[in-house]
Amino acid sequence: MLNKLYDWVDERLDITPIWRDIADHEVPEHVNPAHHFSAFVYCFGGLTFFVTVIQILSGMFLTMYYVPDVENAWNSVYYLQNEVAFGEIVRGMHHWGASLVIVMIFLHTLRVFFTGSYKKPRELNWMVGVMLFGVILGLGFTGYLLPWDMKALFATKVGIEIAASVPVIGEYIKILLAGDDTILGAQTLTRFFAIHVFFLPAALLGLMGAHFIMIRKQGISGPL
Amino acid sequence: MSNNRVSRRQFLSYTIMGVGGFMASSLVLPMVRFAVDPALQVEGDSDFIVTDQLVSELTEEPIRVSFSYEQQDAWYTSEVTNDAWVYKAGDEIIALSPVCKHLGCTVQWEGSADFPNQFFCPCHNGRYEKNGNNIPGTPPLGPLDQFVVEVRDGYLALGEVKPNFIVS
Ligand code: HEM
Ligand code: FES
């Protein structure tokens, strides 16, 4: 059945070369854990991507119930976790995944560093990787405020004060993040929500696209 | 069995699809169940709401009786006010829902001067007789819904809304 459907589309659009070009590529021996078990370190990039996919999916589903408003945010999180079927699981995926994605991207960065893969000609991909790291930390920071409990509030206070300690422009960064020069409140929550679910995910997808195109173009770096 | 051997390649592709499918569904199914939860919530029985309307003051003429109740909408609780059109038919108390059976606007008793003794819906000129029966040729496709009623200490109490049970 599926084969027939595929053939029907393929006959008209010739899609085989398209996915072949994406899927068919060499996995050199030195990155294949079946040959050298230590090559599992090459998996961390893929694992980062996998956890990111989970974050995006679970985050999309969370927004079905979550409201970014000071009166209702905490109650909506409480409701989605305790009253909605599988709410604990879906929130749990997002909550634990947020830490896991940072662990994974860190391990991936270590692998790239210690295999020297950032060297010519891959300098640009290292830079994109650093930006990806920043975006993911930003997602972690902005997401942490959203449950709007005491821990979220004070974590964000501390984070914003750290940003405010930047010389000269610190105060402006603070106002732009919090949406107000003294209050960490209604406007902070809506801003952080917008940044968390629209701006940073958009940047994340763009950067990931660039990252993967460059990898396909340059191939994986050689053995040590 | 023996003349239909599974090749190494087939075996691997089935195993990978099987394991991959299991892993993918263990990720996606909880999220899908989470998303469809509103459609699967069971509704509790609705209680009677006692209104401020003395039953002794009801007449044969439908009047609007407003009643308020606390509505629990997920994490949001609010005081909601709804109406019923109530009159007496002999000894019986009839309480009709004001929600038009065309597309849900609110009907009024004698809402149009052109149609006395009828419920009128301003949205698309839907009309109903006093017992709630829809008038053929106007948009609504069925009669107005009806409240189950009770008398509590002389006051009107409204229960569940059911399909009209006096129109035959
Ligand atoms: C790499 C990507 C992401 C990371 C690292 C991340 C991180 C976080 C963190 C740390 C929280 C607080 C969770 C908690 O304390 O329980 C959170 C909450 C939230 N995130 Fe994300 N997030 C990511 C992507 C997304 C995306 C793409 C969306 C939506 C399109 C999203 C929507 C939400 C929502 C609605 C909440 C509030 C609900 C809750 O706190 O459980 N997230 N996120
Ligand atoms: S909604 Fe009442 S006539 Fe259309």
# chains A, B, ... in the order shown; residues from 1 in each chain; ligands from 1
call {"tool": "interface_residues", "arguments": {"of": "chain A", "to": "chain B", "cutoff": "6 Å", "atoms": "only C-alpha atoms", "output": "number ranges by chain"}}
result
A: 75-76, 85-86
call {"tool": "residues_near_ligand", "arguments": {"ligand": "ligand 1", "cutoff": "6 Å", "atoms": "only C-alpha atoms and all ligand atoms", "output": "PyMOL selection string"}}
result
chain A and resi 52+55-56+59-60+62-63+66+91+95+98+136+139-140+143-144+146-147+197+201
call {"tool": "closest_atom_pairs", "arguments": {"of": "chain B", "to": "ligand 2", "cutoff": "12 Å", "atoms": "only C-alpha atoms and all ligand atoms", "output": "CSV"}}
result
residue,atom,partner,partner_atom_place_in_ligand_line,distance
B:Pro98,CA,ligand 2,2 (Fe),9.9
B:Val99,CA,ligand 2,2 (Fe),7.9
B:Cys100,CA,ligand 2,2 (Fe),4.6
B:Lys101,CA,ligand 2,2 (Fe),6.5
B:His102,CA,ligand 2,1 (S),4.5
B:Leu103,CA,ligand 2,1 (S),3.8
B:Gly104,CA,ligand 2,1 (S),4.9
B:Cys105,CA,ligand 2,1 (S),4.5
B:Thr106,CA,ligand 2,2 (Fe),6.9
B:Val107,CA,ligand 2,2 (Fe),6.9
B:Gln108,CA,ligand 2,2 (Fe),10.3
B:Gly111,CA,ligand 2,2 (Fe),11.8
B:Phe119,CA,ligand 2,2 (Fe),10.2
B:Phe120,CA,ligand 2,2 (Fe),7.9
B:Cys121,CA,ligand 2,2 (Fe),4.6
B:Pro122,CA,ligand 2,2 (Fe),6.5
B:Cys123,CA,ligand 2,4 (Fe),5.0
B:His124,CA,ligand 2,3 (S),3.9
B:Asn125,CA,ligand 2,3 (S),5.0
B:Gly126,CA,ligand 2,3 (S),3.8
B:Arg127,CA,ligand 2,3 (S),7.3
B:Tyr128,CA,ligand 2,3 (S),10.0
B:Asn134,CA,ligand 2,3 (S),10.3
B:Ile135,CA,ligand 2,3 (S),11.0
B:Gly137,CA,ligand 2,3 (S),11.1
B:Thr138,CA,ligand 2,3 (S),7.4
B:Pro139,CA,ligand 2,3 (S),5.4
B:Pro140,CA,ligand 2,3 (S),6.0
B:Leu141,CA,ligand 2,3 (S),9.6
B:Gly142,CA,ligand 2,2 (Fe),11.1
B:Pro143,CA,ligand 2,2 (Fe),11.5
B:Leu144,CA,ligand 2,2 (Fe),10.6
call {"tool": "write_last_selection", "arguments": {"atoms": "N, CA, C and O atoms", "output": "CSV table (one decimal), in the first residue's frame"}}
result
chain,number,residue,atom,x,y,z
B,98,PRO,N,-32.8,30.0,25.8
B,98,PRO,CA,-32.8,31.1,24.8
B,98,PRO,C,-31.8,30.9,23.6
B,98,PRO,O,-31.7,31.8,22.8
B,99,VAL,N,-31.2,29.8,23.6
B,99,VAL,CA,-30.2,29.6,22.5
B,99,VAL,C,-30.8,29.1,21.3
B,99,VAL,O,-31.4,28.0,21.2
B,100,CYS,N,-30.7,29.9,20.2
B,100,CYS,CA,-31.3,29.6,18.9
B,100,CYS,C,-30.8,28.3,18.4
B,100,CYS,O,-29.6,28.1,18.4
B,101,LYS,N,-31.6,27.5,17.8
B,101,LYS,CA,-31.2,26.2,17.3
B,101,LYS,C,-30.7,26.3,15.9
B,101,LYS,O,-30.4,25.3,15.2
B,102,HIS,N,-30.7,27.6,15.3
B,102,HIS,CA,-30.0,27.7,14.0
B,102,HIS,C,-28.5,27.7,14.3
B,102,HIS,O,-27.9,26.7,14.1
B,103,LEU,N,-28.0,28.9,14.7
B,103,LEU,CA,-26.6,29.0,14.9
B,103,LEU,C,-26.2,29.6,16.2
B,103,LEU,O,-25.1,30.2,16.4
B,104,GLY,N,-27.1,29.5,17.2
B,104,GLY,CA,-26.7,29.8,18.6
B,104,GLY,C,-26.9,31.3,19.0
B,104,GLY,O,-26.4,31.6,20.1
B,105,CYS,N,-27.5,32.1,18.3
B,105,CYS,CA,-27.8,33.5,18.9
B,105,CYS,C,-28.9,33.4,20.0
B,105,CYS,O,-29.3,32.3,20.3
B,106,THR,N,-29.3,34.5,20.5
B,106,THR,CA,-30.2,34.5,21.6
B,106,THR,C,-31.6,35.0,21.2
B,106,THR,O,-31.7,36.0,20.6
B,107,VAL,N,-32.6,34.2,21.5
B,107,VAL,CA,-33.9,34.5,21.1
B,107,VAL,C,-34.6,35.3,22.1
B,107,VAL,O,-34.3,35.3,23.3
B,108,GLN,N,-35.7,36.1,21.7
B,108,GLN,CA,-36.4,36.9,22.7
B,108,GLN,C,-37.9,36.7,22.4
B,108,GLN,O,-38.4,36.6,21.3
B,111,GLY,N,-39.6,39.3,20.2
B,111,GLY,CA,-38.5,40.1,19.9
B,111,GLY,C,-38.7,41.0,18.6
B,111,GLY,O,-37.9,41.9,18.4
B,119,PHE,N,-41.3,33.5,19.7
B,119,PHE,CA,-39.8,33.9,20.0
B,119,PHE,C,-39.2,34.3,18.7
B,119,PHE,O,-39.5,33.7,17.7
B,120,PHE,N,-38.3,35.3,18.8
B,120,PHE,CA,-37.7,35.8,17.6
B,120,PHE,C,-36.2,35.8,17.7
B,120,PHE,O,-35.7,36.2,18.8
B,121,CYS,N,-35.5,35.4,16.7
B,121,CYS,CA,-34.0,35.5,16.8
B,121,CYS,C,-33.6,36.5,15.7
B,121,CYS,O,-33.9,36.4,14.6
B,122,PRO,N,-32.8,37.5,16.2
B,122,PRO,CA,-32.5,38.7,15.3
B,122,PRO,C,-31.4,38.3,14.3
B,122,PRO,O,-31.2,39.0,13.3
B,123,CYS,N,-30.7,37.2,14.5
B,123,CYS,CA,-29.5,37.0,13.6
B,123,CYS,C,-29.9,36.7,12.2
B,123,CYS,O,-29.4,37.3,11.3
B,124,HIS,N,-30.9,35.7,12.0
B,124,HIS,CA,-31.4,35.4,10.7
B,124,HIS,C,-32.9,35.3,10.7
B,124,HIS,O,-33.4,34.4,9.9
B,125,ASN,N,-33.5,36.0,11.5
B,125,ASN,CA,-35.0,36.0,11.6
B,125,ASN,C,-35.6,34.6,11.9
B,125,ASN,O,-36.6,34.3,11.3
B,126,GLY,N,-35.0,33.9,12.7
B,126,GLY,CA,-35.5,32.6,13.1
B,126,GLY,C,-36.7,32.8,14.1
B,126,GLY,O,-36.7,33.8,14.8
B,127,ARG,N,-37.7,32.0,14.0
B,127,ARG,CA,-38.9,32.2,14.8
B,127,ARG,C,-39.4,30.8,15.4
B,127,ARG,O,-39.2,29.8,14.8
B,128,TYR,N,-40.0,30.9,16.6
B,128,TYR,CA,-40.5,29.8,17.3
B,128,TYR,C,-41.8,30.1,17.9
B,128,TYR,O,-42.1,31.2,18.4
B,134,ASN,N,-40.0,25.3,16.3
B,134,ASN,CA,-39.6,26.2,15.3
B,134,ASN,C,-40.6,26.3,14.2
B,134,ASN,O,-41.3,25.3,13.8
B,135,ILE,N,-40.7,27.5,13.6
B,135,ILE,CA,-41.7,27.8,12.6
B,135,ILE,C,-41.1,27.4,11.2
B,135,ILE,O,-40.0,27.9,10.9
B,137,GLY,N,-39.9,27.2,7.5
B,137,GLY,CA,-39.7,28.3,6.6
B,137,GLY,C,-38.7,29.3,7.2
B,137,GLY,O,-38.2,30.2,6.5
B,138,THR,N,-38.5,29.2,8.5
B,138,THR,CA,-37.4,30.1,9.1
B,138,THR,C,-36.2,29.2,9.4
B,138,THR,O,-36.3,28.0,9.4
B,139,PRO,N,-35.0,29.8,9.5
B,139,PRO,CA,-33.8,29.0,9.5
B,139,PRO,C,-33.7,27.9,10.6
B,139,PRO,O,-33.1,26.8,10.2
B,140,PRO,N,-34.1,28.0,11.8
B,140,PRO,CA,-33.9,26.9,12.8
B,140,PRO,C,-34.4,25.6,12.3
B,140,PRO,O,-35.4,25.5,11.7
B,141,LEU,N,-33.7,24.5,12.7
B,141,LEU,CA,-34.0,23.2,12.2
B,141,LEU,C,-34.7,22.4,13.3
B,141,LEU,O,-35.1,21.2,13.1
B,142,GLY,N,-34.8,22.9,14.5
B,142,GLY,CA,-35.5,22.2,15.6
B,142,GLY,C,-36.0,23.1,16.6
B,142,GLY,O,-35.8,24.3,16.6
B,143,PRO,N,-36.8,22.5,17.6
B,143,PRO,CA,-37.4,23.4,18.6
B,143,PRO,C,-36.3,23.8,19.7
B,143,PRO,O,-35.3,23.1,19.9
B,144,LEU,N,-36.7,24.9,20.4
B,144,LEU,CA,-35.8,25.4,21.5
B,144,LEU,C,-35.6,24.3,22.6
B,144,LEU,O,-36.6,23.6,22.9
call {"tool": "select_by_dssp", "arguments": {"residues": "chain B", "states": "strand (DSSP E or B)", "output": "ChimeraX atom specification"}}
result
/B:49-54,63-73,76-89,92-96,99,106,108-109,119-121,126-128,134,146-152,155-162
call {"tool": "select_by_dssp", "arguments": {"residues": "region 77-179 of chain A", "states": "helix (DSSP H, G or I)", "output": "PyMOL selection string"}}
result
chain A and resi 77-82+87-114+123-145+150-164+170-178
call {"tool": "atom_distance", "arguments": {"atom1": "CA of Ser97 (chain B)", "atom2": "CA of Trp85 (chain B)"}}
result
6.5 Å
